[in-house]
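Asker: run_28.pdb (PDB, C-alpha atoms) pasted underneath:
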ATOM      1  CA  MET A  18       4.616  15.381  49.084
ATOM      2  CA  ALA A  19       4.027  11.673  48.508
ATOM      3  CA  ARG A  20       4.273  10.406  44.945
ATOM      4  CA  MET A  21       2.002   7.463  44.187
ATOM      5  CA  LYS A  22       3.691   4.502  42.494
ATOM      6  CA  PHE A  23       3.025   0.875  41.593
ATOM      7  CA  LEU A  24       5.772  -1.721  41.974
ATOM      8  CA  CYS A  25       5.303  -5.374  41.060
ATOM      9  CA  ASP A  26       7.682  -7.773  42.750
ATOM     10  CA  ALA A  27       7.947 -10.274  39.893
ATOM     11  CA  ASP A  28       9.543 -12.861  42.196
ATOM     12  CA  ARG A  29       6.304 -13.130  44.122
ATOM     13  CA  CYS A  30       3.681 -12.894  41.355
ATOM     14  CA  ILE A  31       1.984 -16.250  40.750
ATOM     15  CA  GLU A  32      -0.262 -15.100  37.867
ATOM     16  CA  CYS A  33      -3.451 -15.608  39.859
ATOM     17  CA  ASN A  34      -5.064 -12.574  38.149
ATOM     18  CA  ALA A  35      -6.754 -11.526  41.377
ATOM     19  CA  CYS A  36      -5.564  -7.958  40.792
ATOM     20  CA  VAL A  37      -7.254  -7.951  37.383
ATOM     21  CA  THR A  38     -10.496  -9.312  38.807
ATOM     22  CA  ALA A  39     -10.434  -6.952  41.794
ATOM     23  CA  CYS A  40      -9.964  -3.944  39.520
ATOM     24  CA  LYS A  41     -12.796  -4.931  37.202
ATOM     25  CA  ASN A  42     -15.134  -5.553  40.112
ATOM     26  CA  GLU A  43     -14.253  -2.461  42.123
ATOM     27  CA  HIS A  44     -14.699  -0.062  39.210
ATOM     28  CA  ASP A  45     -17.410  -1.947  37.352
ATOM     29  CA  VAL A  46     -15.188  -1.991  34.290
ATOM     30  CA  PRO A  47     -17.126  -3.129  31.202
ATOM     31  CA  TRP A  48     -16.328  -6.161  29.084
ATOM     32  CA  GLY A  49     -13.437  -5.662  26.731
ATOM     33  CA  ILE A  50     -11.529  -3.272  28.968
ATOM     34  CA  ASN A  51      -8.746  -4.379  31.285
ATOM     35  CA  ARG A  52      -7.234  -1.577  33.291
ATOM     36  CA  ARG A  53      -4.772  -4.085  34.697
ATOM     37  CA  ARG A  54      -3.414  -7.320  33.262
ATOM     38  CA  VAL A  55      -0.843  -9.939  34.138
ATOM     39  CA  VAL A  56       1.882 -10.534  31.575
ATOM     40  CA  THR A  57       3.773 -13.830  31.731
ATOM     41  CA  ILE A  58       7.105 -14.365  30.036
ATOM     42  CA  ASN A  59       8.262 -17.899  29.157
ATOM     43  CA  ASP A  60       4.888 -19.245  30.201
ATOM     44  CA  GLY A  61       5.029 -22.921  31.190
ATOM     45  CA  LYS A  62       8.814 -23.110  31.035
ATOM     46  CA  PRO A  63      11.271 -23.212  33.920
ATOM     47  CA  GLY A  64      12.042 -19.723  35.138
ATOM     48  CA  GLU A  65       8.796 -18.168  33.876
ATOM     49  CA  ARG A  66       8.046 -14.735  35.263
ATOM     50  CA  SER A  67       4.770 -12.899  35.653
ATOM     51  CA  VAL A  68       4.307  -9.208  36.199
ATOM     52  CA  SER A  69       1.115  -7.280  36.839
ATOM     53  CA  MET A  70       0.873  -4.277  34.539
ATOM     54  CA  ALA A  71      -1.329  -1.184  34.429
ATOM     55  CA  CYS A  72      -0.840   2.531  33.987
ATOM     56  CA  MET A  73       2.420   3.384  35.734
ATOM     57  CA  HIS A  74       1.459   7.045  36.193
ATOM     58  CA  CYS A  75       4.637   8.276  34.524
ATOM     59  CA  THR A  76       6.292  11.449  35.732
ATOM     60  CA  ASP A  77       6.597  12.714  32.152
ATOM     61  CA  ALA A  78       3.640  10.843  30.696
ATOM     62  CA  PRO A  79       3.934  10.172  26.943
ATOM     63  CA  CYS A  80       0.140   9.799  26.680
ATOM     64  CA  ALA A  81      -0.256  13.394  27.850
ATOM     65  CA  ALA A  82       2.460  14.551  25.458
ATOM     66  CA  VAL A  83       0.670  13.213  22.366
ATOM     67  CA  CYS A  84      -2.953  13.937  23.313
ATOM     68  CA  PRO A  85      -4.336  16.339  20.676
ATOM     69  CA  VAL A  86      -7.016  17.693  23.033
ATOM     70  CA  ASP A  87      -4.813  17.844  26.173
ATOM     71  CA  CYS A  88      -7.277  15.899  28.294
ATOM     72  CA  PHE A  89      -4.631  14.536  30.708
ATOM     73  CA  TYR A  90      -3.604  16.116  33.975
ATOM     74  CA  THR A  91      -1.386  15.090  36.874
ATOM     75  CA  THR A  92      -2.560  15.447  40.449
ATOM     76  CA  THR A  93      -0.463  16.577  43.383
ATOM     77  CA  ASP A  94      -0.130  12.882  44.297
ATOM     78  CA  ALA A  95       1.562  12.341  40.887
ATOM     79  CA  VAL A  96      -1.398  10.336  39.577
ATOM     80  CA  VAL A  97      -2.035  10.755  35.842
ATOM     81  CA  LEU A  98      -5.762  11.182  35.178
ATOM     82  CA  HIS A  99      -7.808  12.291  32.197
ATOM     83  CA  SER A 100     -11.140  13.847  31.338
ATOM     84  CA  LYS A 101     -13.531  11.616  29.430
ATOM     85  CA  ASP A 102     -15.548  14.680  28.495
ATOM     86  CA  LEU A 103     -12.630  15.988  26.458
ATOM     87  CA  CYS A 104     -11.315  12.673  25.108
ATOM     88  CA  ILE A 105     -12.103  12.144  21.423
ATOM     89  CA  GLY A 106     -10.968   8.515  21.297
ATOM     90  CA  CYS A 107      -8.244   9.128  18.728
ATOM     91  CA  GLY A 108      -6.013   6.357  20.110
ATOM     92  CA  TYR A 109      -2.774   8.356  20.075
ATOM     93  CA  CYS A 110      -2.198   7.698  23.783
ATOM     94  CA  PHE A 111      -2.456   3.958  23.181
ATOM     95  CA  TYR A 112       0.333   4.121  20.623
ATOM     96  CA  ALA A 113       2.459   6.357  22.858
ATOM     97  CA  CYS A 114       2.100   4.335  26.066
ATOM     98  CA  PRO A 115       4.965   1.851  26.599
ATOM     99  CA  PHE A 116       2.745  -0.258  28.900
ATOM    100  CA  GLY A 117      -0.382  -0.541  26.736
ATOM    101  CA  ALA A 118      -2.431   1.055  29.484
ATOM    102  CA  PRO A 119      -5.061   3.039  27.547
ATOM    103  CA  GLN A 120      -8.109   0.943  26.684
ATOM    104  CA  TYR A 121     -11.164   1.629  24.526
ATOM    105  CA  PRO A 122     -14.702   0.266  24.783
ATOM    106  CA  ARG A 123     -14.954  -0.504  21.059
ATOM    107  CA  THR A 124     -12.619  -1.533  18.291
ATOM    108  CA  GLY A 125     -12.510   0.825  15.360
ATOM    109  CA  ASN A 126     -10.678   3.611  13.672
ATOM    110  CA  PHE A 127      -9.987   7.174  14.711
ATOM    111  CA  GLY A 128     -12.787   8.505  16.868
ATOM    112  CA  SER A 129     -15.057   5.458  16.639
ATOM    113  CA  ARG A 130     -13.592   3.465  19.523
ATOM    114  CA  GLY A 131     -15.147   5.532  22.301
ATOM    115  CA  LYS A 132     -13.654   7.337  25.267
ATOM    116  CA  MET A 133     -10.314   6.086  26.524
ATOM    117  CA  ASP A 134     -10.291   4.263  29.852
ATOM    118  CA  LYS A 135      -7.295   3.478  32.033
ATOM    119  CA  CYS A 136      -6.146   2.829  35.570
ATOM    120  CA  THR A 137      -6.817   5.829  37.804
ATOM    121  CA  PHE A 138      -4.780   4.561  40.787
ATOM    122  CA  CYS A 139      -8.252   4.308  42.358
ATOM    123  CA  ALA A 140      -8.331   8.120  42.422
ATOM    124  CA  GLY A 141     -11.463   8.770  40.333
ATOM    125  CA  GLY A 142     -11.475  11.635  37.856
ATOM    126  CA  PRO A 143     -12.109  15.362  37.530
ATOM    127  CA  GLU A 144     -15.676  15.122  38.875
ATOM    128  CA  ALA A 145     -16.423  15.683  42.559
ATOM    129  CA  ASP A 146     -15.059  12.939  44.822
ATOM    130  CA  SER A 147     -17.063   9.770  45.399
ATOM    131  CA  THR A 148     -20.098  10.898  43.402
ATOM    132  CA  GLU A 149     -22.216   8.722  41.131
ATOM    133  CA  VAL A 150     -21.051  10.685  38.099
ATOM    134  CA  GLU A 151     -17.428  10.075  38.987
ATOM    135  CA  TYR A 152     -18.038   6.387  39.643
ATOM    136  CA  ALA A 153     -19.867   5.900  36.340
ATOM    137  CA  LYS A 154     -17.040   7.455  34.340
ATOM    138  CA  TYR A 155     -13.903   6.566  36.260
ATOM    139  CA  GLY A 156     -14.766   4.113  39.012
ATOM    140  CA  ALA A 157     -14.234   4.235  42.748
ATOM    141  CA  ASN A 158     -12.158   6.911  44.448
ATOM    142  CA  ARG A 159     -10.421   4.873  47.136
ATOM    143  CA  LEU A 160      -7.593   7.352  47.567
ATOM    144  CA  ALA A 161     -10.064   9.971  48.792
ATOM    145  CA  GLU A 162     -11.400   7.392  51.265
ATOM    146  CA  GLY A 163      -7.954   6.961  52.811
ATOM    147  CA  LYS A 164      -7.264   3.664  51.057
ATOM    148  CA  LEU A 165      -4.910   2.395  48.367
ATOM    149  CA  PRO A 166      -5.648   0.723  44.998
ATOM    150  CA  LEU A 167      -7.572  -2.493  45.566
ATOM    151  CA  CYS A 168      -5.379  -4.526  43.200
ATOM    152  CA  ALA A 169      -2.409  -4.031  45.528
ATOM    153  CA  GLU A 170      -4.382  -4.289  48.744
ATOM    154  CA  MET A 171      -5.745  -7.721  47.923
ATOM    155  CA  CYS A 172      -2.625  -9.237  46.330
ATOM    156  CA  SER A 173      -2.369 -12.546  48.171
ATOM    157  CA  THR A 174       1.381 -12.982  47.687
ATOM    158  CA  LYS A 175       2.161  -9.321  48.448
ATOM    159  CA  SER A 176       3.649  -9.019  45.000
ATOM    160  CA  LEU A 177       1.938  -5.853  43.896
ATOM    161  CA  LEU A 178       2.864  -2.810  45.932
ATOM    162  CA  ALA A 179       1.180   0.579  45.680
ATOM    163  CA  GLY A 180       1.429   3.800  47.599
ATOM    164  CA  ASP A 181       4.045   6.355  48.504
ATOM    165  CA  GLY A 182       6.959   5.667  46.153
ATOM    166  CA  GLU A 183       9.588   6.107  48.832
ATOM    167  CA  ILE A 184       7.930   3.676  51.231
ATOM    168  CA  ILE A 185       7.263   0.914  48.704
ATOM    169  CA  ALA A 186      10.801   1.330  47.354
ATOM    170  CA  ALA A 187      12.074   0.811  50.915
ATOM    171  CA  ILE A 188       9.885  -2.292  51.274
ATOM    172  CA  TYR A 189      11.219  -3.728  48.020
ATOM    173  CA  LYS A 190      14.790  -2.863  48.974
ATOM    174  CA  GLU A 191      14.345  -4.688  52.263
ATOM    175  CA  ARG A 192      13.007  -7.744  50.445
ATOM    176  CA  VAL A 193      15.976  -7.798  48.075
ATOM    177  CA  THR A 194      18.368  -7.443  50.993
ATOM    178  CA  GLN A 195      16.711 -10.343  52.799
ATOM    179  CA  ARG A 196      16.426 -12.812  49.947
ATOM    180  CA  GLY A 197      19.452 -11.887  47.844
ATOM    181  CA  TYR A 198      19.692  -9.958  44.656
ATOM    182  CA  GLY A 199      20.387 -12.803  42.231
ATOM    183  CA  SER A 200      16.866 -14.144  42.389
ATOM    184  CA  GLY A 201      15.292 -10.771  41.848
ATOM    185  CA  ALA A 202      17.170  -9.459  38.839
ATOM    186  CA  TRP A 203      16.224 -10.752  35.430
ATOM    187  CA  GLY A 204      19.254 -11.882  33.458
ATOM    188  CA  TRP A 205      21.580 -11.902  36.462
ATOM    189  CA  GLN A 206      22.349 -15.615  36.266
ATOM    190  CA  THR A 207      22.744 -15.407  32.495
ATOM    191  CA  ALA A 208      25.265 -12.609  32.844
ATOM    192  CA  TYR A 209      27.197 -13.835  35.875
ATOM    193  CA  GLN A 210      26.469 -17.596  35.839
ATOM    194  CA  GLU A 211      25.857 -17.718  39.560
ATOM    195  CA  PRO A 212      23.455 -16.176  42.024
ATOM    196  CA  ILE A 213      24.716 -13.525  44.379
ATOM    197  CA  THR A 214      23.864 -13.328  48.036
ATOM    198  CA  VAL A 215      23.779 -10.050  49.878
TER     199      VAL A 215
ATOM    200  CA  MET B   8     -16.993  14.426 -29.241
ATOM    201  CA  HIS B   9     -17.923  18.093 -29.525
ATOM    202  CA  ASP B  10     -20.335  17.792 -26.565
ATOM    203  CA  LYS B  11     -17.690  16.088 -24.455
ATOM    204  CA  GLN B  12     -15.222  18.952 -25.106
ATOM    205  CA  ARG B  13     -17.801  21.545 -24.149
ATOM    206  CA  THR B  14     -18.574  19.662 -20.905
ATOM    207  CA  ALA B  15     -14.866  19.559 -20.026
ATOM    208  CA  ILE B  16     -14.432  23.269 -20.620
ATOM    209  CA  ASN B  17     -17.453  24.060 -18.473
ATOM    210  CA  ARG B  18     -16.116  21.973 -15.645
ATOM    211  CA  ARG B  19     -12.748  23.739 -15.804
ATOM    212  CA  ASN B  20     -14.435  27.106 -15.700
ATOM    213  CA  PHE B  21     -16.414  26.029 -12.695
ATOM    214  CA  LEU B  22     -13.290  24.837 -10.883
ATOM    215  CA  ARG B  23     -11.441  28.066 -11.655
ATOM    216  CA  ALA B  24     -14.291  30.140 -10.275
ATOM    217  CA  PHE B  25     -14.616  27.873  -7.243
ATOM    218  CA  SER B  26     -10.911  27.999  -6.411
ATOM    219  CA  GLY B  27     -10.929  31.781  -6.661
ATOM    220  CA  ALA B  28     -13.909  32.050  -4.319
ATOM    221  CA  SER B  29     -12.412  29.642  -1.807
ATOM    222  CA  THR B  30      -9.119  31.569  -1.771
ATOM    223  CA  VAL B  31     -11.012  34.747  -0.891
ATOM    224  CA  ALA B  32     -12.934  32.890   1.846
ATOM    225  CA  VAL B  33      -9.744  31.473   3.389
ATOM    226  CA  ALA B  34      -8.049  34.870   3.316
ATOM    227  CA  THR B  35     -11.060  36.469   5.029
ATOM    228  CA  ALA B  36     -11.174  33.743   7.698
ATOM    229  CA  ALA B  37      -7.421  34.019   8.354
ATOM    230  CA  ALA B  38      -7.694  37.771   8.787
ATOM    231  CA  THR B  39     -10.480  37.472  11.370
ATOM    232  CA  PHE B  40      -9.117  34.406  13.266
ATOM    233  CA  THR B  41      -6.860  35.063  16.256
ATOM    234  CA  PRO B  42      -4.934  31.926  17.281
ATOM    235  CA  SER B  43      -4.940  31.162  21.009
ATOM    236  CA  GLU B  44      -2.260  29.300  22.914
ATOM    237  CA  ALA B  45      -2.935  25.580  23.484
ATOM    238  CA  LEU B  46      -3.473  24.818  27.155
ATOM    239  CA  ALA B  47      -3.557  21.471  28.947
ATOM    240  CA  TYR B  48      -6.787  20.539  30.678
ATOM    241  CA  ASP B  49      -6.919  21.938  34.188
ATOM    242  CA  PRO B  50      -9.840  20.743  36.322
ATOM    243  CA  GLY B  51      -8.950  23.194  39.079
ATOM    244  CA  GLU B  52      -6.988  23.076  42.296
ATOM    245  CA  GLU B  53      -9.668  21.193  44.177
ATOM    246  CA  GLU B  54      -9.615  18.227  41.823
ATOM    247  CA  THR B  55      -5.846  18.104  41.352
ATOM    248  CA  GLY B  56      -5.151  18.463  45.052
ATOM    249  CA  PRO B  57      -3.720  15.684  47.226
ATOM    250  CA  ARG B  58      -6.022  12.772  48.069
ATOM    251  CA  TYR B  59      -3.497  10.400  49.618
ATOM    252  CA  GLN B  60      -3.683  10.127  53.388
ATOM    253  CA  GLU B  61      -1.511   7.930  55.543
ATOM    254  CA  THR B  62      -4.423   6.459  57.463
ATOM    255  CA  ASP B  63      -4.264   3.418  59.732
ATOM    256  CA  HIS B  64      -5.577   1.423  56.776
ATOM    257  CA  VAL B  65      -2.644   2.514  54.614
ATOM    258  CA  LYS B  66      -0.126   2.031  57.420
ATOM    259  CA  ALA B  67      -1.418  -1.516  57.881
ATOM    260  CA  PHE B  68      -0.799  -2.163  54.176
ATOM    261  CA  TYR B  69       2.795  -0.988  54.455
ATOM    262  CA  ARG B  70       3.307  -3.002  57.629
ATOM    263  CA  VAL B  71       2.078  -6.334  56.260
ATOM    264  CA  ASN B  72       3.985  -5.911  53.000
ATOM    265  CA  GLY B  73       7.329  -5.286  54.626
ATOM    266  CA  TYR B  74       9.481  -7.703  56.548
ATOM    267  CA  GLU B  75       9.345  -7.405  60.280
ATOM    268  CA  THR B  76      12.802  -5.923  60.250
ATOM    269  CA  LEU B  77      11.662  -2.960  58.177
ATOM    270  CA  ASP B  78      11.830   0.104  60.357
ATOM    271  CA  LYS B  79       8.688   2.152  59.737
TER     272      LYS B  79
END
Would you write the structure of this file as structure tokens?
Answerer:
Amino acid sequence: MARMKFLCDADRCIECNACVTACKNEHDVPWGINRRRVVTINDGKPGERSVSMACMHCTDAPCAAVCPVDCFYTTTDAVVLHSKDLCIGCGYCFYACPFGAPQYPRTGNFGSRGKMDKCTFCAGGPEADSTEVEYAKYGANRLAEGKLPLCAEMCSTKSLLAGDGEIIAAIYKERVTQRGYGSGAWGWQTAYQEPITV
Amino acid sequence: MHDKQRTAINRRNFLRAFSGASTVAVATAAATFTPSEALAYDPGEEETGPRYQETDHVKAFYRVNGYETLDK
């Protein structure tokens, strides 16, 4: 069974934020919520790196582990989804997530920030597929339409990969083999003082 | 001064009576309450089932993202 994964090839990301815009547009995500964002390290300096981040759909998701109402579930495709009907907006998942994926419509304390919202891997939610109710709560269900997340599909530099983990891992492996490992590994030149060619 | 003391005593009596009543209420509730095991949300097999399909659309995505040498 295929396991859905995201993989951002940081060597190719140019911080265009098209993935962020595509996500917001596709799912009609309200102001204040970013299901995906681009993080840039050493911005404006030589060697800066950008990486597109969203929910990574962890195998052993810490958000699900801390949720007091157990509103998270994992699909057969290994996509971590949640029920907004059960969510109480406590914010525990936000503190537990190492990627800062959970988002809330309002700022506030326990329970006043609204239902949590996060990347669904374009797989909707617990409601029936591709219905208005599902779209209003969770956004489009592209996976059910035989497509992949729009953020990855429209990445102009082919930096963001999404899909079957084994296939995108093979694609990334091939890229590293072709271009050399030194350029792709953060800290390699610092540690070994010279790039390595494969 | 005398009135203040009387007020304090009355309040203590009230709190004693209240704590006694609440203890009885908690004991009654505990005796009748049967704890159930916490269960994770399960929307059913239909909603957790596989959605991913390797359609031509998806295959095209894999093809254009890989180098030409990638054997697919």
Asker: Please compute the CA of Thr137 in chain A-CA of Asp28 in chain A distance, one decimal, in Å.
Answerer: 25.2 Å
Asker: Excluding same-chain residues fewer than 6 positions from range 143-150 of chain A, what lies within 7 Å of it counting all atoms listed in the file, as a count of residues only?
Answerer: 5
Asker: Any idea what's packed within 10 Å of Lys175 in chain A, counting only C-alpha atoms, ignoring anything in its chain fewer than 3 positions away? Could you give it as a list in words?
Answerer: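 The residues satisfying every condition are Cys25, Asp26, Arg29, Cys30, Ala169, Glu170, Met171, Cys172 and Leu178 of chain A; Phe68, Val71, Asn72 and Gly73 of chain B.
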Asker: Could the residues of chain B within 7 Å of chain A, counting all atoms listed in the file, be given as a PyMOL selection string, please?
Answerer: chain B and resi 47-50+54-60+62+64-65+68+72-73+77
Asker: Could you tell me, as a list in words, exactly which residues end up selected when the PyMOL selection byres ((chain A and resi 156) around 8) is applied to this structure?
Answerer: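 Applying the expression gives Glu43, His44, Asp45, Val46, Cys139, Gly141, Glu151, Tyr152, Ala153, Lys154, Tyr155, Ala157 and Asn158 of chain A.
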Asker: So the first atom is CA of Asp63 in chain B and the second is CA of Leu24 in chain A; what is the distance between them in Å, to one decimal place?
Answerer: 21.0 Å
Asker: Run the PyMOL selection byres ((chain A and resi 54) around 7) against the file shown and list the residues it catches, as a list of chain:residue names.
Answerer: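 Selected by the PyMOL selection byres ((chain A and resi 54) around 7) in this file: A:Val37, A:Asn51, A:Arg52, A:Arg53, A:Val55, A:Val56, A:Ser69, A:Met70, A:Ala71.
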Asker: What is the CA of Lys22 in chain A to CA of Glu65 in chain A distance in Å?
Answerer: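 Straight-line distance from CA of Lys22 in chain A to CA of Glu65 in chain A works out to 24.8 Å.
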Asker: When distances are computed from only C-alpha atoms, which of A:Ala113, A:Val68, A:Ile58, A:Ile105 shows the smallest separation from Met133 in chain A?
Answerer: A:Ile105
Asker: Can you pull out every residue within 9 Å of range 130-132 of chain A, counting all atoms listed in the file, but drop anything in the same chain fewer than 2 positions away, and send it as an MDAnalysis selection string?
Answerer: chainID A and resid 101:108 120:128 134
